[in-house]
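Source file: final.cif; contents: mmCIF, C-alpha atoms.
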data_work
#
loop_
_atom_site.label_atom_id
_atom_site.label_comp_id
_atom_site.auth_asym_id
_atom_site.auth_seq_id
_atom_site.Cartn_x
_atom_site.Cartn_y
_atom_site.Cartn_z
CA MET A 1 130.83 42.99 58.63
CA THR A 2 132.14 39.81 60.19
CA PRO A 3 129.81 36.90 60.90
CA VAL A 4 130.28 37.31 64.68
CA ALA A 5 129.30 41.01 64.58
CA ARG A 6 126.33 40.20 62.34
CA ASN A 7 125.12 37.49 64.79
CA ARG A 8 125.47 39.86 67.76
CA LEU A 9 123.56 42.57 65.92
CA PHE A 10 120.83 40.08 64.98
CA ALA A 11 120.61 38.85 68.62
CA LEU A 12 120.39 42.43 69.91
CA GLY A 13 117.61 43.24 67.39
CA ALA A 14 115.69 40.08 68.38
CA LEU A 15 115.95 41.00 72.07
CA LEU A 16 114.69 44.53 71.41
CA VAL A 17 111.72 43.25 69.41
CA ALA A 18 110.89 40.65 72.09
CA GLY A 19 111.23 43.25 74.86
CA ALA A 20 108.96 45.70 73.03
CA GLY A 21 106.38 42.95 72.46
CA LEU A 22 106.48 41.92 76.12
CA GLY A 23 106.17 45.54 77.23
CA PHE A 24 103.13 46.09 75.00
CA VAL A 25 101.41 42.96 76.28
CA ALA A 26 102.20 43.76 79.92
CA PHE A 27 101.38 47.47 79.94
CA GLY A 28 99.41 48.14 76.76
CA ASN A 29 95.75 48.05 77.82
CA ILE A 30 96.11 47.11 81.44
CA GLY A 31 93.62 49.77 82.56
CA GLU A 32 90.82 48.11 80.60
CA ASN A 33 91.48 44.76 82.25
CA LEU A 34 91.54 45.88 85.87
CA VAL A 35 88.82 44.69 88.23
CA TYR A 36 88.68 46.58 91.51
CA TYR A 37 87.61 44.82 94.73
CA TRP A 38 85.98 47.32 97.06
CA SER A 39 83.66 47.38 100.03
CA PRO A 40 80.60 49.66 99.74
CA SER A 41 82.26 52.45 101.76
CA GLU A 42 85.46 52.24 99.68
CA MET A 43 83.50 52.37 96.43
CA LEU A 44 81.37 55.32 97.55
CA ALA A 45 84.54 57.16 98.63
CA GLN A 46 85.96 56.83 95.09
CA GLY A 47 83.26 59.12 93.70
CA GLU A 48 83.32 59.46 89.90
CA LYS A 49 86.29 57.09 89.60
CA ALA A 50 83.89 54.23 90.44
CA TYR A 51 81.54 55.00 87.54
CA SER A 52 81.78 52.57 84.62
CA ALA A 53 84.79 50.68 86.05
CA THR A 54 84.46 46.92 86.48
CA ILE A 55 84.15 46.34 90.20
CA ARG A 56 83.79 43.41 92.56
CA LEU A 57 81.76 44.73 95.45
CA GLY A 58 82.03 42.70 98.63
CA GLY A 59 79.87 42.96 101.71
CA VAL A 60 76.78 41.67 103.47
CA VAL A 61 73.18 41.65 102.22
CA GLN A 62 71.43 44.31 104.27
CA PRO A 63 68.51 42.80 106.24
CA GLY A 64 65.09 43.53 104.74
CA SER A 65 66.45 44.89 101.46
CA ILE A 66 65.81 41.90 99.17
CA GLN A 67 63.27 42.53 96.40
CA TRP A 68 62.85 39.58 94.02
CA ASN A 69 60.59 39.73 91.00
CA ALA A 70 60.35 36.16 89.67
CA GLU A 71 58.25 37.23 86.69
CA HIS A 72 61.02 39.45 85.30
CA THR A 73 63.92 37.65 87.08
CA THR A 74 65.02 40.95 88.57
CA LEU A 75 66.67 41.11 91.95
CA HIS A 76 67.28 44.29 93.95
CA PHE A 77 69.06 44.33 97.30
CA ARG A 78 71.52 46.43 99.26
CA VAL A 79 75.11 45.42 99.98
CA ALA A 80 76.51 46.94 103.18
CA ASN A 81 79.86 46.82 104.95
CA ASP A 82 78.23 44.77 107.71
CA ALA A 83 74.75 43.86 108.97
CA LYS A 84 74.55 46.79 111.43
CA GLU A 85 72.06 49.59 110.81
CA GLY A 86 73.41 52.82 109.39
CA THR A 87 76.49 51.37 107.70
CA PRO A 88 77.22 52.51 104.14
CA SER A 89 75.34 50.45 101.57
CA VAL A 90 74.88 50.30 97.81
CA LEU A 91 71.75 49.34 95.88
CA VAL A 92 72.45 46.35 93.60
CA ARG A 93 70.37 45.30 90.58
CA SER A 94 70.84 41.83 89.16
CA THR A 95 68.98 40.08 86.35
CA GLU A 96 70.04 36.57 87.24
CA THR A 97 68.35 34.08 89.52
CA PRO A 98 69.97 34.29 92.97
CA PRO A 99 71.85 31.28 94.36
CA GLN A 100 69.89 29.01 96.68
CA MET A 101 71.90 30.16 99.73
CA PHE A 102 71.12 33.86 99.04
CA ARG A 103 69.42 35.55 102.02
CA ASP A 104 69.65 38.49 104.42
CA LYS A 105 72.94 38.95 106.31
CA ILE A 106 74.93 36.58 104.09
CA GLY A 107 78.26 37.64 102.63
CA VAL A 108 78.19 38.35 98.90
CA VAL A 109 80.52 39.46 96.14
CA VAL A 110 78.86 41.04 93.12
CA GLU A 111 80.70 41.93 89.93
CA GLY A 112 79.51 44.66 87.62
CA THR A 113 79.48 48.43 87.16
CA TYR A 114 78.33 51.39 89.23
CA ASP A 115 76.61 54.36 87.61
CA ALA A 116 75.86 57.96 88.53
CA SER A 117 72.27 57.09 89.53
CA GLY A 118 73.66 55.17 92.52
CA VAL A 119 72.75 51.69 91.26
CA PHE A 120 75.28 48.89 90.94
CA SER A 121 74.37 46.70 87.94
CA SER A 122 75.58 43.19 88.61
CA ASN A 123 76.37 40.59 85.99
CA ARG A 124 77.66 38.05 88.54
CA LEU A 125 76.41 37.28 92.06
CA MET A 126 78.47 35.05 94.36
CA VAL A 127 77.54 34.01 97.90
CA ASN A 128 80.21 33.56 100.55
CA HIS A 129 79.61 30.48 102.62
CA SER A 130 81.60 28.11 104.75
CA ASN A 131 82.95 24.96 103.16
CA GLU A 132 83.23 23.22 106.50
CA TYR A 133 80.94 20.33 107.25
CA ARG A 134 79.88 19.56 110.81
CA ALA A 135 77.98 16.37 111.41
CA PRO A 136 74.82 16.77 113.52
CA LYS A 137 75.35 16.09 117.20
CA GLU A 138 73.50 13.25 118.82
CA GLY A 139 69.85 14.20 119.28
CA GLU A 140 70.14 17.18 116.90
CA ASP A 141 67.78 17.34 113.93
CA PRO A 142 69.87 16.86 110.74
CA ASN A 143 67.46 19.09 108.76
CA LYS A 144 67.76 22.09 111.13
CA TRP A 145 70.04 23.88 108.64
CA ARG A 146 67.07 24.34 106.33
CA GLU A 147 65.46 26.73 108.81
CA THR A 148 68.21 29.30 108.28
CA LEU A 149 67.66 29.13 104.54
CA SER A 150 63.88 29.32 104.68
CA GLU A 151 63.98 32.34 107.01
CA GLY A 152 66.03 34.35 104.52
CA THR A 153 64.49 33.08 101.32
CA THR A 154 60.89 33.78 102.26
CA THR A 155 61.51 37.42 101.36
CA ALA A 156 63.34 36.38 98.22
CA SER A 157 60.94 33.71 97.02
CA THR A 158 58.35 34.97 94.55
CA GLY A 159 56.25 38.03 94.01
CA THR A 160 56.92 41.62 93.18
CA GLY A 161 59.40 43.88 94.83
CA ALA A 162 56.69 45.63 96.82
CA GLU A 163 55.62 42.41 98.51
CA ALA A 164 59.16 41.51 99.45
CA ARG A 165 59.79 44.63 101.51
#
Step by step, read the file and then write its structure as structure tokens.
Amino acid sequence: MTPVARNRLFALGALLVAGAGLGFVAFGNIGENLVYYWSPSEMLAQGEKAYSATIRLGGVVQPGSIQWNAEHTTLHFRVANDAKEGTPSVLVRSTETPPQMFRDKIGVVVEGTYDASGVFSSNRLMVNHSNEYRAPKEGEDPNKWRETLSEGTTTASTGTGAEAR
């Protein structure tokens, strides 16, 4: 075998090994690393496919659904497609302290798993909020924004779930 043929054969073998390695990394366990982003109605429509998959569920906190138990740091609430009554919603259970901006009718994204009992177990709770700042207009109270927080967080403050409903 000539040195040129040997080099070409070696280069071809190296390319095949590199291609196989790249293919394994790219397609090997891709199903285990997928995170679906669904609305409540999309997730409910998936049926059994939604069970045990890692999901980011996006929607709005359904008004009046927040149940916060500060003693056990357990939070239950419903995520709906929108704040209207009768829209599809999913019960969410979270064991982390909710963000300060968390309240009724605020947009949220929760990450976790859905099970056959109809409960979405969240291991991450994110609140959607605007990043735009508007300075108070002349004569406007600069602390007025706190009213919107206190209205929603009174149900989510302390106590048992029964008191929060």
* Structure fact -> Among A:Val79, A:Thr74, A:Gly86, A:Gln67, Gly107 (chain A) is approached most closely, using only C-alpha atoms, by A:Val79
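Among A:Asn81, A:Thr113, A:Asn123, A:Thr2, the residue with the shortest atom-to-atom distance to Pro98 (chain A), counting all atoms listed in the file, is A:Asn123.
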* Could you tell me which residues the PyMOL selection byres ((chain A and resi 61-63) around 10) returns for this structure, as a VMD selection string? => chain A and resid 58 to 60 64 to 66 77 to 85 87 89 to 92 102 to 109 127 152
* **Near-Gly47 (chain A) list (12 Å; only C-alpha atoms; drop same-chain fewer than 5 positions) as a list in words** =>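 That gives Pro40, Ser41, Glu42, Ser52, Ala53, Tyr114, Asp115, Ala116, Ser117 and Gly118 of chain A.
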* **Shortest interatomic distance to Pro88 (chain A) - which of A:Met43, A:Asn128, A:Asn69, A:His76, counting only C-alpha atoms** => A:Met43
* Mind checking which residues fall within 10 Å of Thr73 (chain A), counting only C-alpha atoms, ignoring those fewer than 4 positions away in the same chain, and posting them as number ranges by chain? => A: 68-69, 94-98, 158
* Quote the spacing between CA of Ile55 (chain A) and CA of Ser39 (chain A) in Å to one decimal place. => 9.9 Å
* Using all atoms listed in the file, pick whichever of A:Thr54, A:Ser121, A:Asn7, A:Asn143 has the shortest atom-to-atom distance to Leu34 (chain A). =>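 For Leu34 (chain A), the nearest of the candidates is A:Thr54.
The two atoms in question, CA of Gly112 (chain A) and CA of Phe24 (chain A), are spaced 26.8 Å apart.
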* Just how far from CA of Arg56 (chain A) is CA of Ser130 (chain A), in Å to one decimal? -> 19.7 Å
* Asked: Smallest atom-to-atom distance to Glu111 (chain A): which of A:Pro99, A:Glu48, A:Tyr37, A:Gly139, using all atoms listed in the file?
  ->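 For Glu111 (chain A), the nearest of the given residues is A:Tyr37.
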* Which of A:Leu57, A:Glu71, A:Lys137, A:Gly19 sits closest to Ser122 (chain A) [using all atoms listed in the file] -> A:Leu57
